[in-house]
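Shown here: entry-v3.cif, mmCIF, C-alpha atoms and all ligand atoms.
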data_data
#
loop_
_atom_site.label_atom_id
_atom_site.label_comp_id
_atom_site.auth_asym_id
_atom_site.auth_seq_id
_atom_site.Cartn_x
_atom_site.Cartn_y
_atom_site.Cartn_z
CA MET A 195 90.15 117.88 128.96
CA LEU A 196 91.00 116.99 125.39
CA THR A 197 94.63 117.76 126.14
CA ILE A 198 94.69 115.10 128.82
CA LEU A 199 92.84 112.60 126.65
CA ALA A 200 95.24 113.15 123.80
CA ALA A 201 98.21 112.75 126.10
CA MET A 202 97.25 109.47 127.72
CA SER A 203 97.59 105.88 126.62
CA THR A 204 94.71 104.21 124.81
CA ASP A 205 95.06 101.40 127.43
CA THR A 206 93.73 103.67 130.14
CA LEU A 207 91.24 105.92 128.40
CA THR A 208 88.66 105.84 125.68
CA LEU A 209 89.51 108.39 123.04
CA PRO A 210 86.97 111.10 122.26
CA VAL A 211 84.83 110.53 119.18
CA LEU A 212 86.03 112.91 116.53
CA ASP A 213 83.86 114.69 114.01
CA ASP A 214 84.95 113.39 110.58
CA ALA A 215 83.45 116.41 108.82
CA ALA A 216 85.58 118.72 110.98
CA ILE A 217 88.71 116.70 110.19
CA ALA A 218 87.90 116.75 106.48
CA ASP A 219 87.36 120.49 106.73
CA ALA A 220 90.59 121.24 108.59
CA GLY A 221 92.60 118.49 106.85
CA PHE A 222 93.99 117.20 110.15
CA VAL A 223 93.03 116.26 113.71
CA GLN A 224 92.67 119.51 115.61
CA LEU A 225 93.27 118.70 119.26
CA PRO A 226 95.69 120.28 121.67
CA VAL A 227 98.67 118.14 122.62
CA ASP A 228 100.19 118.16 126.10
CA PRO A 229 103.51 120.01 125.60
CA THR A 230 105.20 117.81 128.24
CA LEU A 231 104.47 114.65 126.28
CA ASP A 232 107.52 112.73 125.00
CA MET A 233 106.37 112.76 121.41
CA PHE A 234 109.09 110.40 120.16
CA ALA A 235 108.22 107.75 122.79
CA GLU A 236 104.48 108.14 122.15
CA ILE A 237 104.87 107.77 118.38
CA GLU A 238 107.05 104.67 118.89
CA ARG A 239 104.44 103.22 121.26
CA LEU A 240 101.58 103.86 118.86
CA LYS A 241 103.47 102.37 115.91
CA LYS A 242 104.07 99.18 117.88
CA GLU A 243 100.53 98.92 119.32
CA LYS A 244 98.88 99.44 115.96
CA ASN A 245 101.38 97.57 113.74
CA ALA A 246 101.90 100.81 111.82
CA VAL A 247 104.85 101.69 109.61
CA LEU A 248 105.98 105.30 109.33
CA LEU A 249 107.38 106.22 105.91
CA ALA A 250 108.94 109.68 105.59
CA HIS A 251 110.25 111.64 102.63
CA TYR A 252 113.68 113.32 102.78
CA TYR A 253 111.94 116.71 102.70
CA GLN A 254 110.19 116.19 106.06
CA GLU A 255 111.41 118.06 109.12
CA ALA A 256 114.35 116.44 110.95
CA ASP A 257 112.31 115.21 113.96
CA ILE A 258 109.89 113.34 111.69
CA GLN A 259 112.77 111.76 109.77
CA ASP A 260 114.31 110.62 113.06
CA VAL A 261 111.16 108.84 114.24
CA ALA A 262 110.40 107.23 110.85
CA ASP A 263 110.90 103.53 110.04
CA TYR A 264 112.06 104.40 106.56
CA VAL A 265 113.27 107.70 105.09
CA GLY A 266 113.75 107.95 101.35
CA ASP A 267 112.90 109.37 97.97
CA SER A 268 109.78 108.60 95.94
CA LEU A 269 111.17 105.39 94.42
CA GLY A 270 112.33 104.02 97.77
CA LEU A 271 109.07 105.02 99.44
CA SER A 272 107.00 103.31 96.72
CA ARG A 273 109.04 100.15 97.09
CA GLU A 274 108.62 100.20 100.88
CA ALA A 275 104.88 100.83 100.53
CA ALA A 276 104.60 97.92 98.05
CA LYS A 277 106.25 95.40 100.38
CA THR A 278 105.08 96.44 103.86
CA GLU A 279 103.21 93.98 106.05
CA ALA A 280 102.03 96.65 108.47
CA ASP A 281 98.29 97.18 108.97
CA ILE A 282 98.58 100.96 108.86
CA ILE A 283 100.85 103.10 106.66
CA VAL A 284 101.50 106.55 108.10
CA PHE A 285 102.85 108.64 105.28
CA ALA A 286 104.92 111.64 106.30
CA GLY A 287 105.06 113.32 102.94
CA VAL A 288 102.60 115.00 100.61
CA HIS A 289 99.20 113.90 99.35
CA PHE A 290 100.25 112.25 96.06
CA MET A 291 102.75 110.09 97.96
CA ALA A 292 100.13 108.84 100.43
CA GLU A 293 97.81 108.29 97.46
CA THR A 294 100.49 106.14 95.80
CA ALA A 295 100.76 104.05 98.98
CA LYS A 296 96.96 103.58 98.95
CA ILE A 297 96.99 102.61 95.27
CA LEU A 298 99.53 99.90 96.13
CA ASN A 299 97.76 98.81 99.34
CA PRO A 300 93.97 99.05 98.97
CA SER A 301 93.24 96.89 102.01
CA LYS A 302 95.51 98.84 104.36
CA LYS A 303 94.67 102.02 106.19
CA VAL A 304 96.83 104.85 104.82
CA ILE A 305 96.95 108.02 106.90
CA LEU A 306 98.56 111.41 106.26
CA PRO A 307 99.17 113.89 109.12
CA ASP A 308 97.75 116.81 107.12
CA LEU A 309 95.61 116.39 104.00
CA ASN A 310 96.53 119.97 103.01
CA ALA A 311 100.07 118.81 102.24
CA GLY A 312 99.73 119.10 98.47
CA CYS A 313 102.30 119.74 95.76
CA SER A 314 102.59 122.67 93.36
CA LEU A 315 103.90 120.33 90.66
CA ALA A 316 100.99 117.89 90.99
CA ASP A 317 98.59 120.88 91.00
CA SER A 318 100.13 122.20 87.78
CA CYS A 319 98.58 119.28 85.88
CA PRO A 320 94.75 119.34 86.11
CA PRO A 321 93.28 116.01 84.89
CA ASP A 322 90.78 117.52 82.38
CA GLU A 323 93.38 119.73 80.74
CA PHE A 324 95.82 116.85 80.61
CA ALA A 325 93.21 114.61 78.92
CA ALA A 326 92.73 117.24 76.21
CA PHE A 327 96.51 117.58 75.79
CA ARG A 328 96.93 113.79 75.43
CA ALA A 329 94.18 113.69 72.82
CA GLU A 330 96.37 115.92 70.59
CA TYR A 331 99.04 113.17 70.50
CA PRO A 332 97.13 109.89 70.07
CA ASP A 333 100.19 107.86 69.01
CA HIS A 334 102.32 108.94 72.01
CA ILE A 335 102.78 106.93 75.18
CA VAL A 336 102.67 108.86 78.43
CA ILE A 337 105.44 108.77 81.01
CA SER A 338 104.53 110.72 84.14
CA TYR A 339 106.70 111.70 87.05
CA ILE A 340 105.29 110.22 90.26
CA ASN A 341 104.61 113.78 91.52
CA CYS A 342 101.09 113.83 90.09
CA SER A 343 97.58 113.00 91.26
CA ALA A 344 95.95 109.56 90.96
CA ALA A 345 93.77 111.02 88.18
CA ILE A 346 96.93 111.78 86.14
CA LYS A 347 98.46 108.40 86.96
CA ALA A 348 95.27 106.84 85.60
CA GLN A 349 96.00 108.56 82.23
CA THR A 350 99.62 107.38 82.19
CA ASP A 351 101.40 104.36 80.70
CA ILE A 352 104.50 104.38 82.90
CA ILE A 353 105.21 106.27 86.12
CA CYS A 354 108.78 107.30 86.87
CA THR A 355 110.71 108.97 89.67
CA SER A 356 113.83 111.11 89.38
CA SER A 357 115.87 108.01 90.33
CA ASN A 358 114.67 105.84 87.46
CA ALA A 359 113.36 108.29 84.81
CA LYS A 360 116.43 108.07 82.55
CA HIS A 361 116.56 104.28 82.88
CA LEU A 362 112.87 103.98 81.92
CA VAL A 363 112.98 106.40 78.97
CA GLU A 364 115.97 104.50 77.57
CA GLN A 365 113.88 101.30 77.50
CA ILE A 366 111.24 102.81 75.18
CA PRO A 367 111.78 101.86 71.49
CA ASP A 368 113.27 104.73 69.46
CA ASP A 369 110.29 104.95 67.12
CA GLN A 370 107.76 105.29 69.96
CA PRO A 371 106.89 108.98 70.57
CA ILE A 372 106.58 110.04 74.22
CA ILE A 373 104.66 112.63 76.22
CA PHE A 374 106.43 113.47 79.48
CA ALA A 375 104.43 115.05 82.33
CA PRO A 376 104.12 117.01 84.51
CA ASP A 377 107.60 118.48 85.21
CA LYS A 378 109.06 120.36 82.24
CA ASN A 379 112.45 120.84 83.91
CA LEU A 380 112.92 117.13 84.57
CA GLY A 381 111.61 116.51 81.03
CA ARG A 382 114.16 118.90 79.49
CA TRP A 383 116.97 117.29 81.45
CA LEU A 384 115.83 113.84 80.26
CA ILE A 385 115.75 115.02 76.63
CA LYS A 386 119.34 116.20 77.04
CA GLU A 387 120.46 113.01 78.79
CA THR A 388 118.74 110.49 76.52
CA GLY A 389 118.58 112.34 73.18
CA ARG A 390 114.84 111.52 73.00
CA ASP A 391 112.56 114.24 71.65
CA MET A 392 109.63 114.18 74.05
CA VAL A 393 106.51 116.36 74.16
CA LEU A 394 106.49 118.09 77.54
CA TRP A 395 103.61 119.16 79.76
CA ASP A 396 104.28 122.68 81.09
CA GLY A 397 104.40 121.97 84.85
CA SER A 398 106.96 122.79 87.52
CA CYS A 399 107.75 122.76 91.23
CA ILE A 400 107.78 126.12 93.04
CA VAL A 401 110.55 124.96 95.36
CA HIS A 402 113.03 123.90 92.68
CA GLU A 403 112.28 126.80 90.34
CA ILE A 404 113.12 129.44 92.91
CA PHE A 405 116.87 128.82 93.19
CA SER A 406 118.81 131.90 92.18
CA GLU A 407 121.43 131.41 89.49
CA GLN A 408 123.21 134.65 90.44
CA LYS A 409 123.39 133.79 94.14
CA LEU A 410 124.60 130.30 93.27
CA VAL A 411 127.42 131.74 91.13
CA ARG A 412 128.47 133.98 94.07
CA LEU A 413 128.30 131.02 96.47
CA LYS A 414 130.49 128.92 94.15
CA THR A 415 133.04 131.73 94.06
CA ARG A 416 133.20 131.74 97.85
CA HIS A 417 133.42 127.91 97.99
CA PRO A 418 135.44 126.96 94.91
CA ASN A 419 136.07 123.39 96.09
CA ALA A 420 132.44 122.61 96.89
CA PRO A 421 130.73 120.48 94.20
CA VAL A 422 127.19 121.68 93.40
CA LEU A 423 124.61 118.91 93.71
CA ALA A 424 121.26 119.63 92.03
CA HIS A 425 117.90 117.93 91.59
CA PRO A 426 116.70 117.71 87.95
CA GLU A 427 113.50 119.60 88.88
CA CYS A 428 115.72 122.75 88.98
CA GLU A 429 115.75 125.08 86.00
CA GLU A 430 118.35 124.78 83.24
CA PRO A 431 120.60 127.73 84.36
CA VAL A 432 120.99 126.12 87.80
CA LEU A 433 121.57 122.65 86.34
CA ARG A 434 124.30 124.09 84.10
CA LEU A 435 126.22 125.06 87.26
CA ALA A 436 125.89 121.60 88.83
CA ASP A 437 128.66 119.02 89.19
CA HIS A 438 126.14 116.26 89.89
CA ILE A 439 122.47 116.11 88.90
CA GLY A 440 120.26 113.42 90.37
CA SER A 441 117.49 112.31 92.70
CA THR A 442 117.69 113.02 96.42
CA SER A 443 119.02 109.48 96.99
CA SER A 444 121.72 109.94 94.39
CA ILE A 445 122.65 113.37 95.80
CA ARG A 446 122.94 111.77 99.24
CA ARG A 447 125.13 108.94 97.90
CA PHE A 448 127.35 111.32 95.92
CA ALA A 449 128.06 113.41 99.03
CA THR A 450 129.19 110.31 100.94
CA GLU A 451 131.30 108.82 98.17
CA ASN A 452 132.95 112.07 96.98
CA PRO A 453 136.10 113.13 98.90
CA ALA A 454 135.17 116.85 98.99
CA THR A 455 134.53 118.24 102.47
CA GLU A 456 131.91 120.82 101.53
CA PHE A 457 129.01 120.71 99.07
CA ILE A 458 126.40 123.14 97.78
CA VAL A 459 122.99 121.47 97.61
CA ALA A 460 120.24 122.66 95.25
CA THR A 461 117.13 120.83 96.36
CA GLU A 462 114.69 121.06 99.27
CA ALA A 463 116.67 121.67 102.47
CA GLY A 464 115.21 118.67 104.37
CA ILE A 465 117.71 116.35 102.64
CA LEU A 466 120.58 118.09 104.48
CA HIS A 467 119.57 116.31 107.69
CA GLN A 468 120.41 112.82 106.36
CA MET A 469 123.51 114.07 104.51
CA GLN A 470 124.83 115.60 107.71
CA LYS A 471 124.07 112.42 109.67
CA ASP A 472 125.91 110.32 107.06
CA ASN A 473 128.89 112.68 107.00
CA PRO A 474 129.36 114.47 110.34
CA GLY A 475 132.73 115.90 109.24
CA LYS A 476 131.47 117.48 106.01
CA THR A 477 129.71 120.81 105.45
CA PHE A 478 126.52 121.11 103.41
CA ILE A 479 125.51 124.54 102.17
CA PRO A 480 121.94 124.97 100.91
CA ALA A 481 121.75 126.73 97.54
CA PRO A 482 119.97 130.06 98.12
CA PRO A 483 116.50 130.71 96.72
CA ASP A 484 115.55 134.02 95.13
CA ASN A 485 113.27 135.09 97.99
CA GLY A 486 115.56 136.43 100.70
CA CYS A 487 115.71 133.17 102.67
CA ALA A 488 118.92 131.26 103.32
CA CYS A 489 117.54 127.86 102.38
CA ASN A 490 114.62 126.42 100.50
CA ASP A 491 111.78 124.62 102.31
CA CYS A 492 108.76 123.07 100.59
CA PRO A 493 105.73 124.74 102.24
CA HIS A 494 103.61 121.64 101.52
CA MET A 495 106.01 119.12 103.03
CA LYS A 496 106.49 121.30 106.09
CA LEU A 497 102.74 121.29 106.90
CA ASN A 498 103.34 117.95 108.61
CA THR A 499 104.53 118.40 112.19
CA LEU A 500 105.42 115.96 114.95
CA GLU A 501 102.19 116.92 116.79
CA LYS A 502 99.99 116.30 113.73
CA LEU A 503 101.82 113.03 113.16
CA TYR A 504 101.15 111.93 116.73
CA LEU A 505 97.45 112.82 116.55
CA CYS A 506 97.10 111.15 113.16
CA LEU A 507 98.54 107.92 114.54
CA GLU A 508 96.52 108.08 117.75
CA TYR A 509 93.19 108.65 115.98
CA GLU A 510 94.10 106.93 112.66
CA LYS A 511 92.81 109.96 110.77
CA PRO A 512 92.75 111.54 108.25
CA THR A 513 92.70 108.56 105.90
CA ILE A 514 93.34 108.43 102.18
CA GLU A 515 90.30 107.08 100.32
CA MET A 516 90.01 106.32 96.64
CA GLU A 517 87.40 105.05 94.25
CA GLU A 518 88.32 101.48 93.18
CA SER A 519 88.12 101.97 89.40
CA LEU A 520 90.45 104.99 89.65
CA ARG A 521 92.83 103.04 91.88
CA LEU A 522 93.03 100.16 89.39
CA ARG A 523 93.78 102.50 86.49
CA ALA A 524 96.43 104.33 88.52
CA LEU A 525 97.99 101.06 89.70
CA LYS A 526 99.01 99.78 86.25
CA PRO A 527 101.64 102.46 85.43
CA ILE A 528 103.09 102.23 88.97
CA GLU A 529 103.46 98.46 88.64
CA ARG A 530 105.13 98.96 85.26
CA MET A 531 107.58 101.36 86.86
CA LEU A 532 108.42 98.91 89.64
CA GLU A 533 108.98 96.09 87.11
CA MET A 534 111.05 98.23 84.72
CA SER A 535 113.26 99.75 87.40
CA GLU A 536 114.44 96.64 89.19
CA GLY A 537 118.03 97.13 90.28
CA VAL A 538 117.87 100.97 90.08
CA LYS A 539 119.23 102.57 93.26
S1 LIG B 1 109.30 120.05 96.68
FE1 LIG B 1 108.10 120.59 94.84
S2 LIG B 1 107.63 118.65 93.88
FE2 LIG B 1 108.27 118.19 95.99
S3 LIG B 1 106.34 118.16 97.16
FE3 LIG B 1 107.15 120.25 97.33
S4 LIG B 1 106.13 121.35 95.64
FE4 LIG B 1 105.90 119.16 95.20
#
Taking this structure as input, can you express it in the form of structure tokens?
Ligand code: SF4
Amino acid sequence: MLTILAAMSTDTLTLPVLDDAAIADAGFVQLPVDPTLDMFAEIERLKKEKNAVLLAHYYQEADIQDVADYVGDSLGLSREAAKTEADIIVFAGVHFMAETAKILNPSKKVILPDLNAGCSLADSCPPDEFAAFRAEYPDHIVISYINCSAAIKAQTDIICTSSNAKHLVEQIPDDQPIIFAPDKNLGRWLIKETGRDMVLWDGSCIVHEIFSEQKLVRLKTRHPNAPVLAHPECEEPVLRLADHIGSTSSIRRFATENPATEFIVATEAGILHQMQKDNPGKTFIPAPPDNGCACNDCPHMKLNTLEKLYLCLEYEKPTIEMEESLRLRALKPIERMLEMSEGVK
């Protein structure tokens, strides 16, 4: 019965009342979906009916990217979230990204297909431990990568993304000491790029740390004309082998603008979908991780599925909620980022 209810238009049927405690427990709406349903058409219909905007990160599965209104990296997604006039923001990404959208849009309903979609990097920076760490450096300002919880953003002076981090650090006066959190690999790369000596929090992303230097060297030998494109969350030995280091947006742009016909890509494999769409005649080879797989998927990002997305839109659950005083403290460093990174692509 629930299958039929879930499959039919809200014009013709009243939806079943869902148990919020069960959704909170599972992290998503647990209803069967009619396998014959045209999921793409249904999601489009629901977006229109509810004046909802679907924002998707590059690391989402290809089907979700194809049905999204906007696909981008964290900076682009924050900008879209800040300017949207939709009533509902459906965030196809991980929890901290949906949280950021809520921080920017307190009066809008922000929904995430699966609340379990976390982030190993955000988890590597517990708020209490970070507060104690900050207290050791009272004269430092804090720049935090957007991949952190609202509780860390609330302890931060300026948020950054991988697109604008260098640009933001370069705007800080030379005599102002800086703590950079939570990603130590991005922090090390920034120290190298800017010459600034920052204190780093010891956090990292499981997806970007697992690339195998040895396998990458072998892959380069087999594809000597393929530039290596790497995300700065990768470890130093992998970054040393890269021809271009940058955010997912900059990796995507580089692949389109560079005349090479094949590229090795060291970041989460979801980005390959847009790169292939932009450049149908070029070949994109995912850099191999050190775990026996051929490419590298983020297990958190991939918790979102088309079915969960459909159910989330239909029932407008699960929602992102936040205490107002926390939201206001987390908002300030995001607004500073948006002001300081005008013009950054
Ligand atoms: S790829 Fe890494 S940083 Fe990005 S969401 Fe997954 S675990 Fe977090």
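Minimum atom-to-atom distances from A:Thr461, A:Thr278, A:Thr513, A:Ser441 to Ile305 of chain A were compared using only C-alpha atoms, and the lowest value belongs to A:Thr513.
Using all atoms listed in the file, the shortest contact distance between ligand LIG 1 (chain B) and any of A:Ala250, A:Ala235, A:Ala424, A:Met291 is found at A:Met291.
Put simply, atom CA of Met469 of chain A is 20.9 Å away from atom CA of Asn498 of chain A.
Around ligand LIG 1 (chain B), using all atoms listed in the file and a cut-off of 7 Å, the residues in contact are Val288, Gly312, Cys313, Ser314, Leu315, Ala316, Asn341, Cys399, Ile400, Val401, His402, Glu462, Cys492, Pro493, His494 and Met495 of chain A.
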State, in Å with one decimal place, the distance from atom CA of Ser519 of chain A to atom CA of Glu293 of chain A.
-> 14.1 Å
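With atom CA of Asn485 of chain A on one side and atom CA of Glu427 of chain A on the other, the separation reads 18.0 Å.
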Surrounding residues of Met516 of chain A excluding itself and chain neighbours under 4 positions, 8 Å, all atoms listed in the file, as a PyMOL selection string = chain A and resi 296+520-521
If we count only C-alpha atoms, what is near segment 479-484 of chain A at a cut-off of 7 Å, once residues fewer than 3 positions away on the same chain are taken out, given as a PyMOL selection string?
-> chain A and resi 404-406+409-410+457-460+463+487-490
May I have the protein, DNA and RNA residues with an atom at most 9 Å from (134.0, 125.1, 98.0), counting only C-alpha atoms in the file's coordinates, returned as a PDB file with C-alpha atoms, in the coordinates of the input?
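That gives us selection03.pdb:
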ATOM      1  CA  LEU A 413     128.300 131.020  96.470  1.00  0.00           C
ATOM      2  CA  LYS A 414     130.490 128.920  94.150  1.00  0.00           C
ATOM      3  CA  THR A 415     133.040 131.730  94.060  1.00  0.00           C
ATOM      4  CA  ARG A 416     133.200 131.740  97.850  1.00  0.00           C
ATOM      5  CA  HIS A 417     133.420 127.910  97.990  1.00  0.00           C
ATOM      6  CA  PRO A 418     135.440 126.960  94.910  1.00  0.00           C
ATOM      7  CA  ASN A 419     136.070 123.390  96.090  1.00  0.00           C
ATOM      8  CA  ALA A 420     132.440 122.610  96.890  1.00  0.00           C
ATOM      9  CA  PRO A 421     130.730 120.480  94.200  1.00  0.00           C
ATOM     10  CA  VAL A 422     127.190 121.680  93.400  1.00  0.00           C
ATOM     11  CA  ALA A 454     135.170 116.850  98.990  1.00  0.00           C
ATOM     12  CA  THR A 455     134.530 118.240 102.470  1.00  0.00           C
ATOM     13  CA  GLU A 456     131.910 120.820 101.530  1.00  0.00           C
ATOM     14  CA  PHE A 457     129.010 120.710  99.070  1.00  0.00           C
ATOM     15  CA  ILE A 458     126.400 123.140  97.780  1.00  0.00           C
TER      16      ILE A 458
END
So which one's closest to Pro376 of chain A, A:Gly266, A:Pro300, A:Pro321, A:Gly389? Using only C-alpha atoms, please.
-> A:Pro321
Within 7 Å of Ser338 of chain A, counting all atoms listed in the file, which residues qualify if same-chain residues fewer than 3 places away don't, as a list in words?
-> Thr350, Ile352, Ile353, Cys354, Phe374, Ala375 and Pro376 of chain A
